[in-house]
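Student: One structure, as structure tokens, below. Some questions next.
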Amino acid sequence: MSLNQIIFRNLRKNLKNYYLYVFALIFSVALYFSFATLQYDPSMDEVEQSTKGAAAIGASSVLLVVIVGIFLLYANTIFIKRRSKEIGLFQLIGLTKGRIFRILTAENAILYFGAMVIGVLIGFIGSKLVLMILFKILEIEAITKLYFSPLALAQTVAVFAGLYVLIMLMNYTFIRAQSILSLFKVTSTAEQRIGRMSFGQIVMGLLGIGLIAYGYVLSARMFSGEVLDMQQLMYTMLLILFSVILGTYLFYKGSVSFVFNLIRKSKQGYLSINEVLSLSSIMFRMKSNALLLTIITTVSALAIGMLSLSYIAYYSAEAQARESIPEDFSFAQAEVMESFVSSLKEKGIEVEVQHRQPIYIEIDASQVMHDSSDGEMLSSSVISDAMVGDLDVKPGEVVFMGYGNVVRQLISIEEQGPIVLHGLHQALDQQLVGTSKQGVLPTYYTKGTPVAVVDETVYAKLVQDLDPKLQKGEPTDYYGVRIIDRGKTEEAYGVFQSQKLEVPNFSQIEMRNNQRTTMGLIMFIVGFLGLTFLITSGCILYFKQMNEGEEEKDSYTILRKIGFTQGNLLGGIRFKQMFNFGIPLAVGLSHSYFAVKSGWFFFGTELVTPMVIVMIVYALLYSVFGLLSVWYYKRVIRESL
């Protein structure tokens with residue numbers, strides 16, 4: 001038999017095991033080529049004007065290469081170990097290590113570059129779809145065309161050819177380092193098996209659960225208690241990160257085995273066939289995969305968390321713009337406002353103007369603020385109730401407005417209680433009677449604190465007793481312009497843009513569009529990177545299950561011979577895969593939930609809907625690999641007799 005015949009026979013034999021690897025490789029090449037094409041596509045000029053989109057996509061391409069590179073190298077490690085006996089047999093029949101390396105190189109070249117050609121073709125066709133998705137997210141009205149970039153092709157070939165060289169170096173090192181005897185022992189030592197639980201493993205298991213719980217508690221309290229400075233915040237975040245990652249590693253190293261061992265002991269050794277095929281197998285194998293599962297769980301949580309936060313910001317853009325800028329347009333100078341309003345009236349756009357004059361004082365709110373010392377002052381802006389539509393505040397009462405999600409987390413205030421308004425010479429005892437999320441001044445005026453709304457008579461007293469130091473450099477007038485006909489707001493925004501007005505003049509639409517553009521681009525990039533990681537990590541777990549299936553094939557043969565049906569065994573396999581894929585998914589979702597919950601209010605106004613949508617989509621896509629592994633086991637069980 002010639003060398004070429006050996007190569008093609010091996011390819012045909014192993015292709016059934018490589019199909020998911022080939023799919024992941026094609027997907028990765030297609031996505032990278034699409035991203036590379038976007039960098040050179042003239043249509044991206046529409047995005048570059050505001051967000052430097054091509055630069056952001058170029059940076060994401062580097063992360064994509066890192067993810068794909070790690071996957072290809074790890075997958076190659078699994079495959080080369082699976083073929084160790086085959087390599088040993090080649091040496092036994094007289095083939096030199098050099099010729100064996102050439103056989104593997106030729107096989108990998110056919111598979112790798114064949115998948116690469118298909119990936120480039122799909123990437124070229126799909127680049128238009130990717131660009132359409134980006135424009136849809138960013139709400140950009142532009143015509144997309146199919147664009148081929150020779151530079152993108154050269155960049156893709158260079159990157160993946162470099163990865164191929166690394167894979168071949170890994171194969172060469174493996175073949176050179178192994179003796180014939182060791183090649184026949186590689187697969188049998190690939191998994192670490194354990195006997196009984198030691199005291200150290202029990203402590204490790206409890207410590208893993210404890211560290212994760214400690215990290216969760218810290219993250220929940222990070223913004224709910226005392227306000228931390230930047231250094232304290234950084235230390236707390238590093239401590240949370242260290243605690244959760246180490247806890248996750250110990251969880252896989254000891255906690256899973258510890259919990260399942262307790263379940264097994266509670267049954268006094270009488271396990272059903274489902275429990276034998278699932279609990280026992282997971283107990284003895286998950287420990288050896290602890291590092292891999294920790295990495296997969298951590299990066300999954302990072303991807304889900306970043307995607308959730310960016311989607312929260314994108315989803316909440318309009319509501320957040322309304323909270324930050326109460327009316328459609330905001331001005332600090334009367335003449336600028338009047339010029340804008342007259343331009344609108346020329347176009348037949350009717351408006352309503354709100355004029356508010358904030359003053360700046362210090363408020364002793366220690367009786368209503370949590371975690372504050374006596375006499376601690378809150379610098380705040382004050383307006384009268386006559387400046388706020390239908391709100392009527394009685395003399396001696398105060399309502400805090402603009403008390404939104406971010407302010408609520410940083411400054412915890414009770415709904416009612418005594419407060420003191422301090423002027424330059426006198427102090428006015430007042431009663432806080434409520435708070436409201438509704439904004440009445442842009443953040444440019446409030447500096448991140450709630451606005452105190454008081455009765456007009458109290459406001460007049462404060463105006464006569466102002467501290468000049470507190471007023472220095474602060475804006476004293478706010479003019480809010482609201483468009484009466486909501487269908488003409490975009491036209492009014494066009495007028496605002498044409499006048500090229502800058503800070504301290506604001507537009508609610510502009511803020512909404514800027515946030516949607518920025519967070520939409522981040523969501524687009526993180527979404528595709530997260531999908532790439534999901535596919536590659538799912539493939540790695542699937543390949544590990546393929547290895548386990550081959551190793552356990554003899555056990556299935558024995559079970560079939562003593563009377564267990566294929567259905568009996570498949571029930572246990574389904575249970576096993578639910579744990580193998582479900583535990584990393586559940587832990588990753590849990591990590592991302594606490595990470596998002598600790599700081600979501602900085603990104604938007606809505607938590608539940610965006611986060612649940614992201615988690616459900618991620619879980620559904622992830623579960624596909626669990627189903628594929630069940631189908632693979634079904635074939636192994638069928639072939640076991």
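Just so we're on the same page: first chain in the structure tokens is A, next is B, and so on; residues restart at 1 for each chain, and ligands are numbered from 1 in the order they show up.
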Find the residues near Gly487 in chain A: any atom within 12 Å, counting only C-alpha atoms, skip ones fewer than 4 places away on the same chain, and give them as a PyMOL selection string.

Tutor: chain A and resi 349-350+483+491-493

Student: Which residues come within 12 Å of Thr446 in chain A, counting only C-alpha atoms, excluding same-chain residues fewer than 6 positions away, as JSON, numbers by chain?

Tutor: {"A": [324, 325, 358, 359, 360, 361, 378, 379, 380, 381, 382, 383, 400, 401, 402, 403, 407, 439, 440, 452, 474, 475, 476, 478]}

Student: Mind checking which residues fall within 9 Å of Met132 in chain A, counting only C-alpha atoms, ignoring those fewer than 5 positions away in the same chain, and posting them as a PyMOL selection string?

Tutor: chain A and resi 127+137+143-144

Student: Keeping N, CA, C and O atoms, export the residues of the selection given above as a CSV table (one decimal), in the first residue's frame.

Tutor:
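The file below, result07.csv, is the result:
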chain,number,residue,atom,x,y,z
A,127,SER,N,-20.3,37.9,4.5
A,127,SER,CA,-19.8,39.3,4.9
A,127,SER,C,-20.9,40.3,4.7
A,127,SER,O,-21.1,41.3,5.5
A,137,ILE,N,-28.6,46.7,13.7
A,137,ILE,CA,-28.4,47.0,15.1
A,137,ILE,C,-28.2,48.5,15.4
A,137,ILE,O,-28.7,49.1,16.3
A,143,ILE,N,-27.0,51.3,1.9
A,143,ILE,CA,-27.1,50.1,1.0
A,143,ILE,C,-25.8,49.3,1.1
A,143,ILE,O,-24.7,49.8,1.0
A,144,THR,N,-25.9,48.0,1.4
A,144,THR,CA,-24.7,47.1,1.5
A,144,THR,C,-24.6,46.3,0.2
A,144,THR,O,-25.5,45.9,-0.4

Student: Under the rule that only C-alpha atoms are counted, which of A:Tyr19, A:Tyr172, A:Tyr147, A:Phe71 is the nearest residue to Leu111 in chain A?

Tutor: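 Distance minimum relative to Leu111 in chain A lands on A:Tyr19.
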
Student: When you count only C-alpha atoms, which of these residues is closest to Gln333 in chain A: A:Leu134, A:Leu153, A:Phe506, A:Thr298?

Tutor: A:Phe506

Student: Name the residues of range 42-212 of chain A that fall into alpha helix (DSSP H) according to DSSP on the backbone, using the chain letters and numbers of this document, as an MDAnalysis selection string.

Tutor: chainID A and resid 45:51 53:82 84:92 97:138 150:177 180:183 199:212

Student: Extract, using only C-alpha atoms, all DNA, RNA and protein residues at most 9 Å from Lys253 in chain A, discarding same-chain residues fewer than 5 positions from it, and format them as number ranges by chain.

Tutor: A: 201, 204-205, 208, 248, 286-291

Student: Which residue is closest to Gly527 in chain A? Choose from A:Ser308, A:Ser243, A:Thr557, A:Thr156 and count only C-alpha atoms.

Tutor: A:Ser308

Student: For the interface of range 324-364 of chain A with range 421-430 of chain A (cut-off 7 Å, counting only C-alpha atoms), please tabulate each contacting residue of range 324-364 of chain A alongside its nearest pair of atoms and their separation in Å to one decimal, rows sorted by chain and increasing number, as a tab-separated table.

Tutor:
residue	atom	partner	partner_atom	distance
A:Ile361	CA	A:His422	CA	6.4
A:Glu362	CA	A:His422	CA	5.5
A:Ile363	CA	A:Leu421	CA	4.7
A:Asp364	CA	A:Leu421	CA	6.5

Student: Can you write out the residues you just picked, keeping N, CA, C and O atoms, as a compact mmCIF listing (two decimals), in the first residue's frame?

Tutor:
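Below is the file selection_29.txt, written as the result:
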# COMPACT_ATOMS: atom_id res chain seq x y z
N ILE A 361 -27.10 74.15 47.14
CA ILE A 361 -26.96 74.26 48.59
C ILE A 361 -26.42 72.94 49.14
O ILE A 361 -26.24 71.97 48.40
N GLU A 362 -26.19 72.93 50.45
CA GLU A 362 -25.82 71.70 51.14
C GLU A 362 -26.99 71.27 52.00
O GLU A 362 -27.64 72.10 52.65
N ILE A 363 -27.25 69.95 51.99
CA ILE A 363 -28.38 69.39 52.74
C ILE A 363 -27.85 68.39 53.75
O ILE A 363 -27.08 67.49 53.42
N ASP A 364 -28.28 68.56 55.01
CA ASP A 364 -27.96 67.56 56.03
C ASP A 364 -29.02 66.46 55.93
O ASP A 364 -30.13 66.60 56.43

Student: Taking only C-alpha atoms into account, which of A:Val66, A:Ala334, A:Val259, A:Ser384 comes nearest Leu462 in chain A?

Tutor: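 Answer, going by the shortest atom-to-atom distance: A:Ser384.
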
Student: For Phe603 in chain A, please output as a list in words all residues within 6 Å (counting only C-alpha atoms; exclusion window: fewer than 2 positions along the same chain).

Tutor: Ala313, Trp600 and Phe601 of chain A

Student: Using C-alpha atoms, can you export the residues from the last selection as a JSON list (two decimals), in the first residue's frame?

Tutor:
[["chain", "number", "residue", "atom", "x", "y", "z"],
["A", 313, "ALA", "CA", -27.52, 49.46, 27.64],
["A", 600, "TRP", "CA", -26.19, 46.61, 35.69],
["A", 601, "PHE", "CA", -27.62, 49.96, 36.84]]

Student: Pick from A:Leu246, A:Leu620, A:Ile637, A:Leu628: nearest to Gly572 in chain A, with only C-alpha atoms counted?

Tutor: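 Of all the options, A:Ile637 lies closest to Gly572 in chain A.
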